[in-house]
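Participant: The structure that follows is given in the form of structure tokens.
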Amino acid sequence: MQQKIEPLNTDDTANLEAKRKWVRNHYDEAARFKYETLDGKLHLLDTILRNKWIAPTETLKLQCLGITYGDALAQKLGLEWVAVEDEKGRDPALTKAGTSVLVFPMTSISKRIERGEDIEMYEFFVAACSTIERGVRDLA
């Protein structure tokens with residue numbers, strides 16, 4: 001089966017929002033507005049990872065972090081969420097309109113943490129932005 005790329009459906013959107021909510025709720029209610037900013041997302045991710053609040057075996061929670069990471073990438077680079085379906089299933093991804101660039105942020109944190117790697121969120125984010133921008137330029 002070839003990759004099928006399409007807009008998010010209702011279930012996809014609900015799944016992403018549930019994952020965002022889990023991360024966003026690490027802020028107390030009065031501070032949740034911070035999640036709307038790029039720095040608020042990155043700071044929250046950095047705090048969770050640095051303090052090791054999630055064990056490497058907690059894949060679903062790590063994937064929640066990946067969705068927030070994807071939201072930060074989308075916010076910084078003007079990417080949009082889509083669904084990609086292939087023989088392995090259906091996953092959320094980010095794309096840049098008018099290009100073939102696809103980014104799968106949901107598992108980018110979990111795979112590294114599960115392998116025992118430490119992530120310095122700000123460096124990780126800057127490196128990803130650079131790679132994605134290069135891909136957009138090369139594939140535009």
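Each chain in the structure tokens gets a letter, A, B and so on, in the order shown; residues start at 1 in every chain, and ligands are counted from 1 in the order they appear.
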Would you pick out the contacts of range 12-19 of chain A at 7 Å or less, using only C-alpha atoms, so that residues sharing its chain but fewer than 3 positions from it are not included, and give the list as a short mmCIF file (atom, residue, chain, number, x, y, z; two decimals) with N, CA and C atoms, in the first residue's frame?

Facilitator:
data_model
loop_
_atom_site.label_atom_id
_atom_site.label_comp_id
_atom_site.auth_asym_id
_atom_site.auth_seq_id
_atom_site.Cartn_x
_atom_site.Cartn_y
_atom_site.Cartn_z
N LEU A 8 -6.82 15.69 8.45
CA LEU A 8 -7.23 15.00 9.67
C LEU A 8 -8.74 14.81 9.68
N ASN A 9 -9.19 13.64 10.11
CA ASN A 9 -10.62 13.43 10.29
C ASN A 9 -10.99 13.73 11.74
N TRP A 22 -3.25 16.53 27.69
CA TRP A 22 -2.47 15.87 28.75
C TRP A 22 -1.22 16.69 29.06
N VAL A 23 -0.55 17.19 28.02
CA VAL A 23 0.66 17.99 28.24
C VAL A 23 0.28 19.37 28.80
N CYS A 64 2.52 11.91 23.68
CA CYS A 64 1.82 13.17 23.96
C CYS A 64 2.80 14.33 23.85
N ILE A 67 3.38 15.22 20.26
CA ILE A 67 2.35 16.05 19.63
C ILE A 67 2.58 17.52 19.97
#

Participant: Set out as JSON lines a contact list for range 58-83 of chain A and range 34-47 of chain A with a cut-off of 8 Å, giving each residue of range 58-83 of chain A that qualifies its closest atom pair and distance in Å to one decimal, counting only C-alpha atoms, ordered by chain and rising residue number.

Facilitator:
{"residue": "A:Leu65", "atom": "CA", "partner": "A:Leu45", "partner_atom": "CA", "distance": 6.7}
{"residue": "A:Thr68", "atom": "CA", "partner": "A:Lys41", "partner_atom": "CA", "distance": 6.7}
{"residue": "A:Tyr69", "atom": "CA", "partner": "A:Leu42", "partner_atom": "CA", "distance": 7.4}
{"residue": "A:Ala72", "atom": "CA", "partner": "A:Leu38", "partner_atom": "CA", "distance": 5.7}
{"residue": "A:Gln75", "atom": "CA", "partner": "A:Leu38", "partner_atom": "CA", "distance": 6.8}
{"residue": "A:Lys76", "atom": "CA", "partner": "A:Leu38", "partner_atom": "CA", "distance": 7.3}

Participant: Just the residues within 7 Å of Pro92 in chain A, please, counting only C-alpha atoms, with nothing from its chain fewer than 4 positions along; format it as a PyMOL selection string.

Facilitator: chain A and resi 81-84+104

Participant: Taking the DSSP assignment computed from this structure's backbone, write out as a list in words all residues of range 54-133 of chain A that belong to strand (DSSP E).

Facilitator: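 Strand (DSSP E) assignments inside range 54-133 of chain A correspond to Glu80, Trp81, Val82, Ala83, Val84, Glu85, Asp86, Gly89, Arg90, Asp91, Pro92, Ala93, Leu94, Thr95, Leu102 and Val103 of chain A.
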
Participant: Which residues are close to Gln2 in chain A, i.e. within 9 Å by only C-alpha atoms, leaving aside same-chain residues fewer than 5 positions away? Reply as a PyMOL selection string.

Facilitator: chain A and resi 85-87

Participant: Rank nothing, just name the residue among A:Lys61, A:Lys96, A:Arg137, A:Arg90 nearest to Gly78 in chain A, using only C-alpha atoms.

Facilitator: A:Lys96

Participant: Give me the residues near Arg50 in chain A as a list in words, where near means some atom within 9 Å (using only C-alpha atoms) and where sequence neighbours in that chain fewer than 2 positions away do not count.

Facilitator: Leu45, Asp46, Thr47, Ile48, Lys52, Trp53, Asp118, Ile119, Glu120 and Met121 of chain A

Participant: Using DSSP assignments from the backbone, pull out every residue in range 51-123 of chain A that falls under helix (DSSP H, G or I) and give it to me as a ChimeraX atom specification.

Facilitator: /A:59-77,105-114,121-123

Participant: Pull N, CA and C atoms from the residues just selected and write them as a compact mmCIF listing (two decimals), in the first residue's frame.

Facilitator:
# COMPACT_ATOMS: atom_id res chain seq x y z
N THR A 59 5.22 4.96 26.81
CA THR A 59 5.20 5.38 25.40
C THR A 59 4.08 6.35 25.09
N LEU A 60 2.88 6.10 25.55
CA LEU A 60 1.76 6.98 25.24
C LEU A 60 2.01 8.40 25.75
N LYS A 61 2.51 8.52 26.97
CA LYS A 61 2.80 9.85 27.52
C LYS A 61 3.93 10.52 26.72
N LEU A 62 4.93 9.75 26.32
CA LEU A 62 6.01 10.30 25.51
C LEU A 62 5.48 10.76 24.15
N GLN A 63 4.52 10.03 23.60
CA GLN A 63 3.92 10.44 22.34
C GLN A 63 3.09 11.71 22.50
N CYS A 64 2.52 11.91 23.68
CA CYS A 64 1.82 13.17 23.96
C CYS A 64 2.80 14.33 23.85
N LEU A 65 4.01 14.12 24.39
CA LEU A 65 5.04 15.15 24.27
C LEU A 65 5.37 15.40 22.80
N GLY A 66 5.37 14.33 22.02
CA GLY A 66 5.66 14.45 20.59
C GLY A 66 4.63 15.30 19.86
N ILE A 67 3.38 15.22 20.26
CA ILE A 67 2.35 16.05 19.63
C ILE A 67 2.58 17.52 19.97
N THR A 68 2.90 17.80 21.22
CA THR A 68 3.20 19.18 21.60
C THR A 68 4.44 19.68 20.85
N TYR A 69 5.44 18.83 20.73
CA TYR A 69 6.63 19.16 19.95
C TYR A 69 6.23 19.48 18.50
N GLY A 70 5.34 18.66 17.95
CA GLY A 70 4.85 18.93 16.60
C GLY A 70 4.10 20.24 16.50
N ASP A 71 3.31 20.56 17.52
CA ASP A 71 2.61 21.85 17.53
C ASP A 71 3.61 23.00 17.53
N ALA A 72 4.71 22.84 18.26
CA ALA A 72 5.74 23.88 18.28
C ALA A 72 6.39 24.02 16.90
N LEU A 73 6.69 22.90 16.26
CA LEU A 73 7.26 22.94 14.91
C LEU A 73 6.29 23.61 13.94
N ALA A 74 5.02 23.24 14.03
CA ALA A 74 4.01 23.82 13.15
C ALA A 74 3.92 25.33 13.36
N GLN A 75 3.94 25.74 14.61
CA GLN A 75 3.83 27.15 14.95
C GLN A 75 5.03 27.94 14.41
N LYS A 76 6.21 27.39 14.54
CA LYS A 76 7.43 28.08 14.11
C LYS A 76 7.59 28.10 12.59
N LEU A 77 7.24 26.98 11.94
CA LEU A 77 7.57 26.82 10.52
C LEU A 77 6.38 26.90 9.57
N PRO A 105 6.40 13.91 14.14
CA PRO A 105 6.91 14.30 15.46
C PRO A 105 6.38 13.46 16.63
N MET A 106 5.26 12.77 16.45
CA MET A 106 4.66 12.06 17.58
C MET A 106 5.63 11.07 18.22
N THR A 107 6.45 10.43 17.43
CA THR A 107 7.37 9.41 17.97
C THR A 107 8.82 9.89 18.06
N SER A 108 9.08 11.12 17.66
CA SER A 108 10.47 11.57 17.64
C SER A 108 11.07 11.70 19.04
N ILE A 109 10.28 12.02 20.03
CA ILE A 109 10.77 12.07 21.41
C ILE A 109 10.77 10.67 22.01
N SER A 110 9.65 9.95 21.84
CA SER A 110 9.52 8.64 22.49
C SER A 110 10.62 7.68 22.03
N LYS A 111 10.94 7.64 20.76
CA LYS A 111 11.97 6.72 20.27
C LYS A 111 13.32 6.98 20.93
N ARG A 112 13.64 8.24 21.10
CA ARG A 112 14.93 8.59 21.70
C ARG A 112 14.97 8.27 23.19
N ILE A 113 13.93 8.62 23.90
CA ILE A 113 13.87 8.36 25.34
C ILE A 113 13.86 6.85 25.59
N GLU A 114 13.12 6.10 24.79
CA GLU A 114 13.07 4.64 24.95
C GLU A 114 14.43 3.99 24.71
N MET A 121 15.84 19.88 24.86
CA MET A 121 14.71 20.27 24.01
C MET A 121 15.02 21.44 23.09
N TYR A 122 15.64 22.48 23.58
CA TYR A 122 15.87 23.64 22.73
C TYR A 122 16.83 23.32 21.59
N GLU A 123 17.89 22.58 21.86
CA GLU A 123 18.82 22.17 20.80
C GLU A 123 18.13 21.23 19.81

Participant: Grab the CA of Gln3 in chain A to CA of Gly135 in chain A distance for me, in Å with one decimal place.

Facilitator: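 About the pair CA of Gln3 in chain A and CA of Gly135 in chain A: they are 18.8 Å apart.
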
Participant: Would you mind reading off the distance between CA of Ser130 in chain A and CA of Leu79 in chain A, one decimal, in Å?

Facilitator: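 According to the coordinates, CA of Ser130 in chain A and CA of Leu79 in chain A are separated by 13.7 Å.
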
Participant: Measuring atom to atom with only C-alpha atoms, identify which of A:Val126, A:Pro7, A:Arg115, A:Ala31 is nearest to Thr95 in chain A.

Facilitator: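 Of all the options, A:Pro7 lies closest to Thr95 in chain A.
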